[in-house]
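Engineer: My structure file start-v6.cif, mmCIF, C-alpha atoms, is below:
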data_run
loop_
_atom_site.label_atom_id
_atom_site.label_comp_id
_atom_site.auth_asym_id
_atom_site.auth_seq_id
_atom_site.Cartn_x
_atom_site.Cartn_y
_atom_site.Cartn_z
CA MET F 1177 0.00 0.00 0.00
CA SER F 1178 1.33 3.41 -0.92
CA SER F 1179 0.82 6.84 0.60
CA TYR F 1180 -1.42 9.29 -1.19
CA THR F 1181 -3.77 12.22 -0.78
CA PHE F 1182 -6.76 12.47 -3.09
CA ALA F 1183 -8.96 15.55 -3.40
CA ILE F 1184 -11.93 16.68 -5.43
CA VAL F 1185 -11.89 20.44 -5.95
CA GLY F 1186 -14.89 22.50 -7.07
CA LYS F 1187 -15.22 25.22 -9.68
CA GLN F 1188 -14.26 27.99 -7.25
CA ASP F 1189 -11.29 25.95 -5.99
CA ASN F 1190 -13.30 24.89 -2.96
CA PRO F 1191 -12.60 21.41 -1.51
CA LEU F 1192 -15.44 18.96 -2.10
CA TYR F 1193 -13.84 15.73 -0.88
CA GLU F 1194 -10.53 14.54 0.54
CA LEU F 1195 -9.05 11.12 1.20
CA VAL F 1196 -5.69 10.61 2.92
CA GLN F 1197 -3.90 7.26 3.07
CA SER F 1198 -0.48 6.97 4.66
CA GLN F 1199 1.74 4.05 5.59
CA LYS F 1200 3.53 5.97 8.29
CA LYS F 1201 2.20 8.11 11.08
CA GLU F 1202 2.13 11.68 9.88
CA GLY F 1203 1.19 14.61 12.02
CA PRO F 1204 -1.14 17.45 11.15
CA GLN F 1205 1.75 19.41 9.65
CA ALA F 1206 2.33 16.76 6.94
CA HIS F 1207 -1.41 16.72 6.21
CA GLN F 1208 -1.42 20.51 5.82
CA GLU F 1209 1.65 20.35 3.57
CA ASN F 1210 -0.11 17.84 1.31
CA GLN F 1211 -3.15 20.12 1.11
CA PHE F 1212 -0.83 23.02 0.26
CA PHE F 1213 0.88 21.04 -2.53
CA LEU F 1214 -2.48 20.09 -4.04
CA HIS F 1215 -3.75 23.66 -3.82
CA ALA F 1216 -0.55 24.98 -5.40
CA ALA F 1217 -0.99 22.56 -8.30
CA LEU F 1218 -4.38 24.04 -9.22
CA ASP F 1219 -2.75 26.85 -11.22
CA ILE F 1220 -0.68 24.33 -13.17
CA VAL F 1221 -3.80 22.26 -13.85
CA ASP F 1222 -5.53 25.35 -15.24
CA GLU F 1223 -2.58 25.94 -17.58
CA GLU F 1224 -2.37 22.29 -18.68
CA LEU F 1225 -6.09 22.24 -19.48
CA TRP F 1226 -5.52 24.42 -22.53
CA LYS F 1227 -2.77 22.19 -23.90
CA THR F 1228 -4.78 18.99 -24.31
CA ASN F 1229 -8.25 17.68 -25.10
CA SER F 1230 -7.88 14.83 -22.63
CA MET F 1231 -9.57 14.89 -19.23
CA PHE F 1232 -6.63 12.98 -17.70
CA LEU F 1233 -3.67 15.34 -17.41
CA LYS F 1234 -1.15 12.77 -16.05
CA VAL F 1235 1.55 14.16 -13.75
CA VAL F 1236 1.21 17.94 -13.65
CA ASP F 1237 3.65 18.71 -10.84
CA LYS F 1238 6.35 17.09 -8.73
CA PHE F 1239 7.57 17.98 -5.28
CA ASN F 1240 10.60 16.11 -3.94
CA ASP F 1241 9.70 12.45 -4.43
CA ARG F 1242 5.92 13.01 -4.73
CA CYS F 1243 3.89 13.50 -7.89
CA ILE F 1244 0.57 15.24 -8.47
CA SER F 1245 -1.70 13.76 -11.12
CA ALA F 1246 -4.88 15.49 -12.28
CA PHE F 1247 -8.17 14.74 -13.98
CA VAL F 1248 -10.60 17.51 -14.95
CA THR F 1249 -14.27 16.87 -15.65
CA ALA F 1250 -16.31 18.54 -18.36
CA THR F 1251 -17.81 20.81 -15.69
CA ASN F 1252 -14.33 21.93 -14.50
CA ILE F 1253 -14.28 19.85 -11.32
CA LYS F 1254 -10.69 18.83 -10.59
CA LEU F 1255 -9.65 15.45 -9.22
CA LEU F 1256 -6.11 15.64 -7.80
CA LEU F 1257 -3.91 12.83 -6.53
CA LEU F 1258 -0.68 13.43 -4.61
CA HIS F 1259 1.18 10.12 -4.71
CA ASP F 1260 4.59 8.50 -4.42
CA GLY F 1261 4.89 7.99 -8.16
CA ASN F 1262 5.25 4.22 -7.91
CA LYS F 1263 2.03 3.46 -9.81
CA GLY F 1264 1.79 3.65 -13.57
CA ASP F 1265 -0.35 6.09 -15.53
CA ASP F 1266 -2.80 3.33 -16.42
CA ALA F 1267 -3.64 2.55 -12.78
CA ILE F 1268 -4.03 6.23 -11.94
CA LYS F 1269 -6.16 6.85 -15.02
CA SER F 1270 -8.39 3.90 -14.08
CA PHE F 1271 -8.68 5.25 -10.53
CA PHE F 1272 -9.73 8.67 -11.81
CA ALA F 1273 -12.23 7.15 -14.26
CA GLU F 1274 -13.90 5.06 -11.54
CA VAL F 1275 -14.01 7.93 -9.05
CA HIS F 1276 -15.40 10.21 -11.76
CA GLU F 1277 -18.20 7.69 -12.31
CA LEU F 1278 -18.92 7.64 -8.56
CA TYR F 1279 -18.90 11.45 -8.52
CA LEU F 1280 -21.40 11.56 -11.38
CA LYS F 1281 -23.72 9.26 -9.44
CA VAL F 1282 -23.61 11.70 -6.52
CA MET F 1283 -24.37 14.60 -8.88
CA LEU F 1284 -27.44 12.79 -10.22
CA ASN F 1285 -29.13 13.34 -6.87
CA PRO F 1286 -31.45 16.33 -7.45
CA PHE F 1287 -31.12 17.38 -3.80
CA PHE F 1288 -27.34 17.58 -3.83
CA ASP F 1289 -25.73 21.02 -4.07
CA PRO F 1290 -22.61 20.72 -6.31
CA ASN F 1291 -20.81 23.49 -4.37
CA VAL F 1292 -21.04 21.71 -1.00
CA ALA F 1293 -18.57 19.13 0.29
CA ILE F 1294 -19.52 15.51 -0.32
CA SER F 1295 -20.37 13.95 3.03
CA SER F 1296 -21.93 10.70 1.81
CA VAL F 1297 -20.62 7.67 3.70
CA THR F 1298 -21.43 5.46 0.71
CA PHE F 1299 -19.37 7.65 -1.61
CA ASP F 1300 -16.45 7.62 0.83
CA THR F 1301 -16.60 3.84 1.22
CA ARG F 1302 -16.65 3.27 -2.53
CA VAL F 1303 -13.80 5.70 -3.21
CA ARG F 1304 -11.73 3.94 -0.53
CA ALA F 1305 -12.49 0.57 -2.15
CA VAL F 1306 -11.40 1.83 -5.57
CA ALA F 1307 -8.25 3.31 -4.06
CA ARG F 1308 -7.39 0.02 -2.32
CA LYS F 1309 -7.91 -1.84 -5.58
CA LEU F 1310 -5.96 0.46 -7.90
CA LEU F 1311 -3.51 2.44 -5.79
#
Re-express the file's structure as structure tokens.

Structural biologist:
Amino acid sequence: MSSYTFAIVGKQDNPLYELVQSQKKEGPQAHQENQFFLHAALDIVDEELWKTNSMFLKVVDKFNDRCISAFVTATNIKLLLLHDGNKGDDAIKSFFAEVHELYLKVMLNPFFDPNVAISSVTFDTRVRAVARKLL
């Protein structure tokens, strides 16, 4: 199992969902650093969006030994993954595709506000299952 931080970021760069998985005990400072790295990568994601037609942007940024991969939906929702870089692009692309499908199922709920954080336990459980399987 590898260490990673996954986040779904809304249109106004507001956090909608976050998942943190770490092999080692990390304090709150490491968690805040990971959030900072993901937030800093948002500008790079916006630049890379104009260079390709693909929703999967691969590795958009690197910090020390960690990589940030990105996936942007048609509605400009950003899926970001800060990872160790030991998984191939195919596994990460599959992870993003499956999480995107889960996200779309949440959005199909007419009572869900797309600008509010996702608090569904079912969504969280399914994202964790996909992450265990592919990451």

Engineer: Grab the atom CA of F:Met1231 to atom CA of F:Gln1208 distance for me, in Å with one decimal place.

Structural biologist: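 Distance between the two atoms: 26.9 Å.
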
Engineer: For the atom pair atom CA of F:Asn1291 and atom CA of F:Val1248, what is the interatomic distance in Å to one decimal place?

Structural biologist: 15.9 Å

Engineer: Which residue is closest to F:Gln1197? Choose from F:Phe1212, F:Glu1277, F:Val1303, F:Asp1265 and count all atoms listed in the file.

Structural biologist: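 Of the candidates, the smallest distance to F:Gln1197 is held by F:Val1303.
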
Engineer: I need the output of the PyMOL selection byres ((chain F and resi 1249) around 12) for this file as number ranges by chain; which residues are they?

Structural biologist: F: 1184-1187, 1221, 1225, 1229-1233, 1246-1248, 1250-1256, 1272-1273, 1275-1277, 1279-1280

Engineer: How many Å separate atom CA of F:Pro1290 from atom CA of F:Glu1209?

Structural biologist: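 Spanning atom CA of F:Pro1290 to atom CA of F:Glu1209 is a straight-line distance of 26.2 Å.
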
Engineer: Between F:Leu1195, F:Leu1310, F:Ile1220, F:Val1282, single out the one closest to F:Lys1269, counting all atoms listed in the file.

Structural biologist: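 Closest candidate: F:Leu1310.
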
Engineer: Have a look at F:Ser1179, F:Asn1190, F:Asn1262, F:Ser1198 and name the one nearest to F:Ala1293; count only C-alpha atoms.

Structural biologist: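 Of F:Ser1179, F:Asn1190, F:Asn1262, F:Ser1198, the one nearest F:Ala1293, counting only C-alpha atoms, is F:Asn1190.
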
Engineer: Have a look at F:His1259, F:His1215, F:Lys1309, F:Lys1227 and name the one nearest to F:Asp1189; count only C-alpha atoms.

Structural biologist: F:His1215

Engineer: Got a sec to check which residues sit within 8 Å of (3.3, 7.0, -4.8), counting only C-alpha atoms, and write them as a list of chain:residue names?

Structural biologist: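 Checking each residue against the 8 Å limit leaves F:Ser1178, F:Ser1179, F:Tyr1180, F:Arg1242, F:Cys1243, F:Leu1258, F:His1259, F:Asp1260, F:Gly1261, F:Asn1262, F:Lys1263.
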
Engineer: Please determine an axis-aligned box that encloses all atoms of stretch 1180-1186 of chain F listed in the file, with 8 Å added on each side, and express its centre and edge lengths in Å to one decimal as AutoDock Vina command-line options.

Structural biologist:
--center_x -8.2 --center_y 15.9 --center_z -3.9 --size_x 29.5 --size_y 29.2 --size_z 22.3

Engineer: Tell me which of F:Ala1206, F:Ala1216, F:Val1196, F:Ile1268 sits closest to F:Lys1234, counting all atoms listed in the file.

Structural biologist: F:Ile1268
